[in-house]
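First up is the structure itself, then whatever we jot down about it.
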Amino acid sequence: PEDRKTLARMIKRIEELTFDENSDPYKLVDLNGQLHSIIAQASDNRYLVKFLNEIILKLRIVRVAIINSVERRFEEFDEHSKIVEAILAGDGERASQAIRDHRDSVNEYTERKVLDSLFYDEE
């Protein structure tokens with residue numbers, strides 16, 4: 001129950017920052033990372049928690065680039081909302097699917113937009 005309350009508060013705070021034109025992208029990245037951590041910690045899987053924390057740290061610059069895209073910022077909020085809604089509803093299958101959809105969407109966006117802008121010249 002406490003994890004569910006924490007998730008509900010976190011997604012509400014993320015929503016506020018997502019729709020605030022003046023929000024700090026670094027703060028939004030931190031809150032999104034915290035959301036991921038809360039879900040991982042609630043799984044009681046120490047390996048998942050360790051792995052996630054390493055990824056969050058290593059991919060910080062990519063995450064900031066993603067959040068700086070207004071389009072992606074709203075998509076990410078929508079994806080996170082679907083995950084949290086499914087978890088709060090106790091629907092593990094829907095939560096798992098929402099997590100897979102989010103992973104795929106982030107990977108596709110990162111390949112299409114972020115990596116190209118970081119590593120390749122545009123001609």
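Chain labels A, B, ... are given in the sequence in which chains occur in the structure tokens; within each chain residues are numbered consecutively from 1, and ligands are likewise numbered from 1 in the order shown.
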Report task. Determine, counting only C-alpha atoms, which protein, DNA and RNA residues have an atom within 7 Å of an atom of range 6-11 of chain A; residues of the same chain fewer than 6 positions away are not included. Present the result as a ChimeraX atom specification. Result -> /A:35,81,84
Please produce a file of the residues just selected, as a CSV table (one decimal), in the first residue's frame, where the atoms kept are all heavy atoms.
chain,number,residue,atom,x,y,z
A,35,LEU,N,10.9,7.3,-10.3
A,35,LEU,CA,9.7,6.5,-10.6
A,35,LEU,C,10.1,5.1,-10.9
A,35,LEU,O,9.6,4.1,-10.4
A,35,LEU,CB,8.9,7.1,-11.7
A,35,LEU,CG,7.6,6.3,-12.1
A,35,LEU,CD1,6.5,6.4,-11.1
A,35,LEU,CD2,7.1,6.7,-13.5
A,81,SER,N,2.3,6.9,-17.1
A,81,SER,CA,1.0,6.9,-16.5
A,81,SER,C,0.3,5.6,-16.7
A,81,SER,O,-0.3,5.1,-15.8
A,81,SER,CB,0.1,8.0,-17.2
A,81,SER,OG,0.6,9.3,-16.8
A,84,VAL,N,1.9,3.1,-14.3
A,84,VAL,CA,1.4,3.3,-12.9
A,84,VAL,C,0.0,3.0,-12.7
A,84,VAL,O,-0.4,2.3,-11.7
A,84,VAL,CB,1.7,4.8,-12.5
A,84,VAL,CG1,1.0,5.1,-11.1
A,84,VAL,CG2,3.2,5.0,-12.4
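Going from CA of Asp24 in chain A to CA of Lys12 in chain A covers 16.0 Å.
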Report task. Using DSSP on the backbone, list every residue of range 7-46 of chain A that comes out as alpha helix (DSSP H), and give them as an MDAnalysis selection string. Result -> chainID A and resid 7:18 25:42 46
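Rounded to one decimal, CA of Lys5 in chain A and CA of Phe77 in chain A lie 18.0 Å from each other.
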Query - For range 96-103 of chain A: contacts at 7 Å, only C-alpha atoms, fewer than 5 positions along chain excluded, given as a list in words - result: Glu79, Lys82 and Ile83 of chain A
Go ahead and save the residues from that selection, with N, CA, C and O atoms, as a JSON list (two decimals), in the first residue's frame.
[["chain", "number", "residue", "atom", "x", "y", "z"],
["A", 79, "GLU", "N", 3.26, 7.15, -21.25],
["A", 79, "GLU", "CA", 3.71, 5.76, -21.03],
["A", 79, "GLU", "C", 3.87, 5.47, -19.55],
["A", 79, "GLU", "O", 3.44, 4.40, -19.07],
["A", 82, "LYS", "N", 0.44, 5.01, -17.92],
["A", 82, "LYS", "CA", -0.16, 3.70, -18.18],
["A", 82, "LYS", "C", 0.45, 2.62, -17.29],
["A", 82, "LYS", "O", -0.26, 1.74, -16.80],
["A", 83, "ILE", "N", 1.75, 2.70, -17.08],
["A", 83, "ILE", "CA", 2.41, 1.72, -16.20],
["A", 83, "ILE", "C", 1.89, 1.87, -14.79],
["A", 83, "ILE", "O", 1.50, 0.87, -14.16]]
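For the choices A:Asn32, A:Ser37, A:Thr110, A:Ser69, the atom-to-atom distance to Glu54 in chain A is smallest for A:Ser37 when using only C-alpha atoms.
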Report summary line: Min atom-atom distance to Val62 in chain A from the set A:Asn107, A:Glu15, A:Glu93, A:Pro1, counting only C-alpha atoms, belongs to A:Asn107
Report task. Write out as an MDAnalysis selection string the residues lying within 12 Å of Glu21 in chain A, counting only C-alpha atoms and excluding same-chain residues fewer than 6 positions away. Result -> chainID A and resid 15 28 68:70 73:74
Output all heavy atoms of each residue in that selection to a file, as a compact mmCIF listing (two decimals), in the first residue's frame.
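The resulting file, part-v2.txt, is reproduced below:
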# COMPACT_ATOMS: atom_id res chain seq x y z
N GLU A 15 3.59 14.68 -13.66
CA GLU A 15 2.58 15.33 -14.51
C GLU A 15 2.69 16.85 -14.40
O GLU A 15 2.68 17.57 -15.41
CB GLU A 15 1.18 14.88 -14.11
CG GLU A 15 0.08 15.53 -14.93
CD GLU A 15 -1.30 15.07 -14.53
OE1 GLU A 15 -1.52 14.71 -13.35
OE2 GLU A 15 -2.19 15.09 -15.41
N LEU A 28 12.98 16.82 -13.98
CA LEU A 28 12.07 15.84 -14.57
C LEU A 28 12.78 14.51 -14.80
O LEU A 28 12.22 13.44 -14.54
CB LEU A 28 11.48 16.39 -15.86
CG LEU A 28 10.28 15.67 -16.44
CD1 LEU A 28 9.17 15.49 -15.41
CD2 LEU A 28 9.74 16.43 -17.64
N ASN A 68 14.25 16.79 -23.10
CA ASN A 68 14.28 18.10 -23.74
C ASN A 68 13.41 18.17 -24.98
O ASN A 68 13.06 19.24 -25.44
CB ASN A 68 15.71 18.52 -24.07
CG ASN A 68 16.36 19.22 -22.90
OD1 ASN A 68 15.71 19.91 -22.14
ND2 ASN A 68 17.65 19.02 -22.76
N SER A 69 13.04 17.03 -25.53
CA SER A 69 12.10 17.00 -26.64
C SER A 69 10.69 17.12 -26.07
O SER A 69 10.25 16.26 -25.31
CB SER A 69 12.23 15.68 -27.40
OG SER A 69 11.07 15.46 -28.18
N VAL A 70 10.01 18.19 -26.43
CA VAL A 70 8.65 18.40 -25.91
C VAL A 70 7.75 17.24 -26.31
O VAL A 70 6.99 16.72 -25.50
CB VAL A 70 8.08 19.75 -26.39
CG1 VAL A 70 6.63 19.90 -25.97
CG2 VAL A 70 8.91 20.89 -25.83
N ARG A 73 8.62 14.25 -24.23
CA ARG A 73 8.27 14.48 -22.83
C ARG A 73 6.83 14.05 -22.56
O ARG A 73 6.54 13.36 -21.60
CB ARG A 73 8.45 15.96 -22.50
CG ARG A 73 8.11 16.31 -21.08
CD ARG A 73 8.18 17.79 -20.84
NE ARG A 73 9.55 18.28 -20.97
CZ ARG A 73 9.98 19.40 -20.44
NH1 ARG A 73 9.18 20.16 -19.74
NH2 ARG A 73 11.22 19.78 -20.61
N PHE A 74 5.92 14.44 -23.46
CA PHE A 74 4.50 14.08 -23.28
C PHE A 74 4.27 12.59 -23.51
O PHE A 74 3.48 11.97 -22.80
CB PHE A 74 3.62 14.91 -24.20
CG PHE A 74 3.65 16.38 -23.88
CD1 PHE A 74 3.90 17.31 -24.87
CD2 PHE A 74 3.44 16.83 -22.59
CE1 PHE A 74 3.94 18.67 -24.58
CE2 PHE A 74 3.47 18.19 -22.28
CZ PHE A 74 3.72 19.11 -23.28
Query - Gap from CA of Val106 in chain A to CA of Ile66 in chain A - Å, one decimal - result: 8.4 Å
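Of the listed residues (A:Leu59, A:Leu17, A:Leu52, A:Ile39), A:Ile39 comes nearest to Ala86 in chain A; the distances count only C-alpha atoms.
When only C-alpha atoms are used to measure the gap to Arg72 in chain A, the shortest distance among A:Glu2, A:Glu111, A:Ser105, A:His36 belongs to A:Ser105.
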Query raised in the report: When distances are computed from only C-alpha atoms, which of A:Arg63, A:Arg4, A:Arg13, A:Lys58 shows the smallest separation from Ala42 in chain A?
Result: A:Arg4
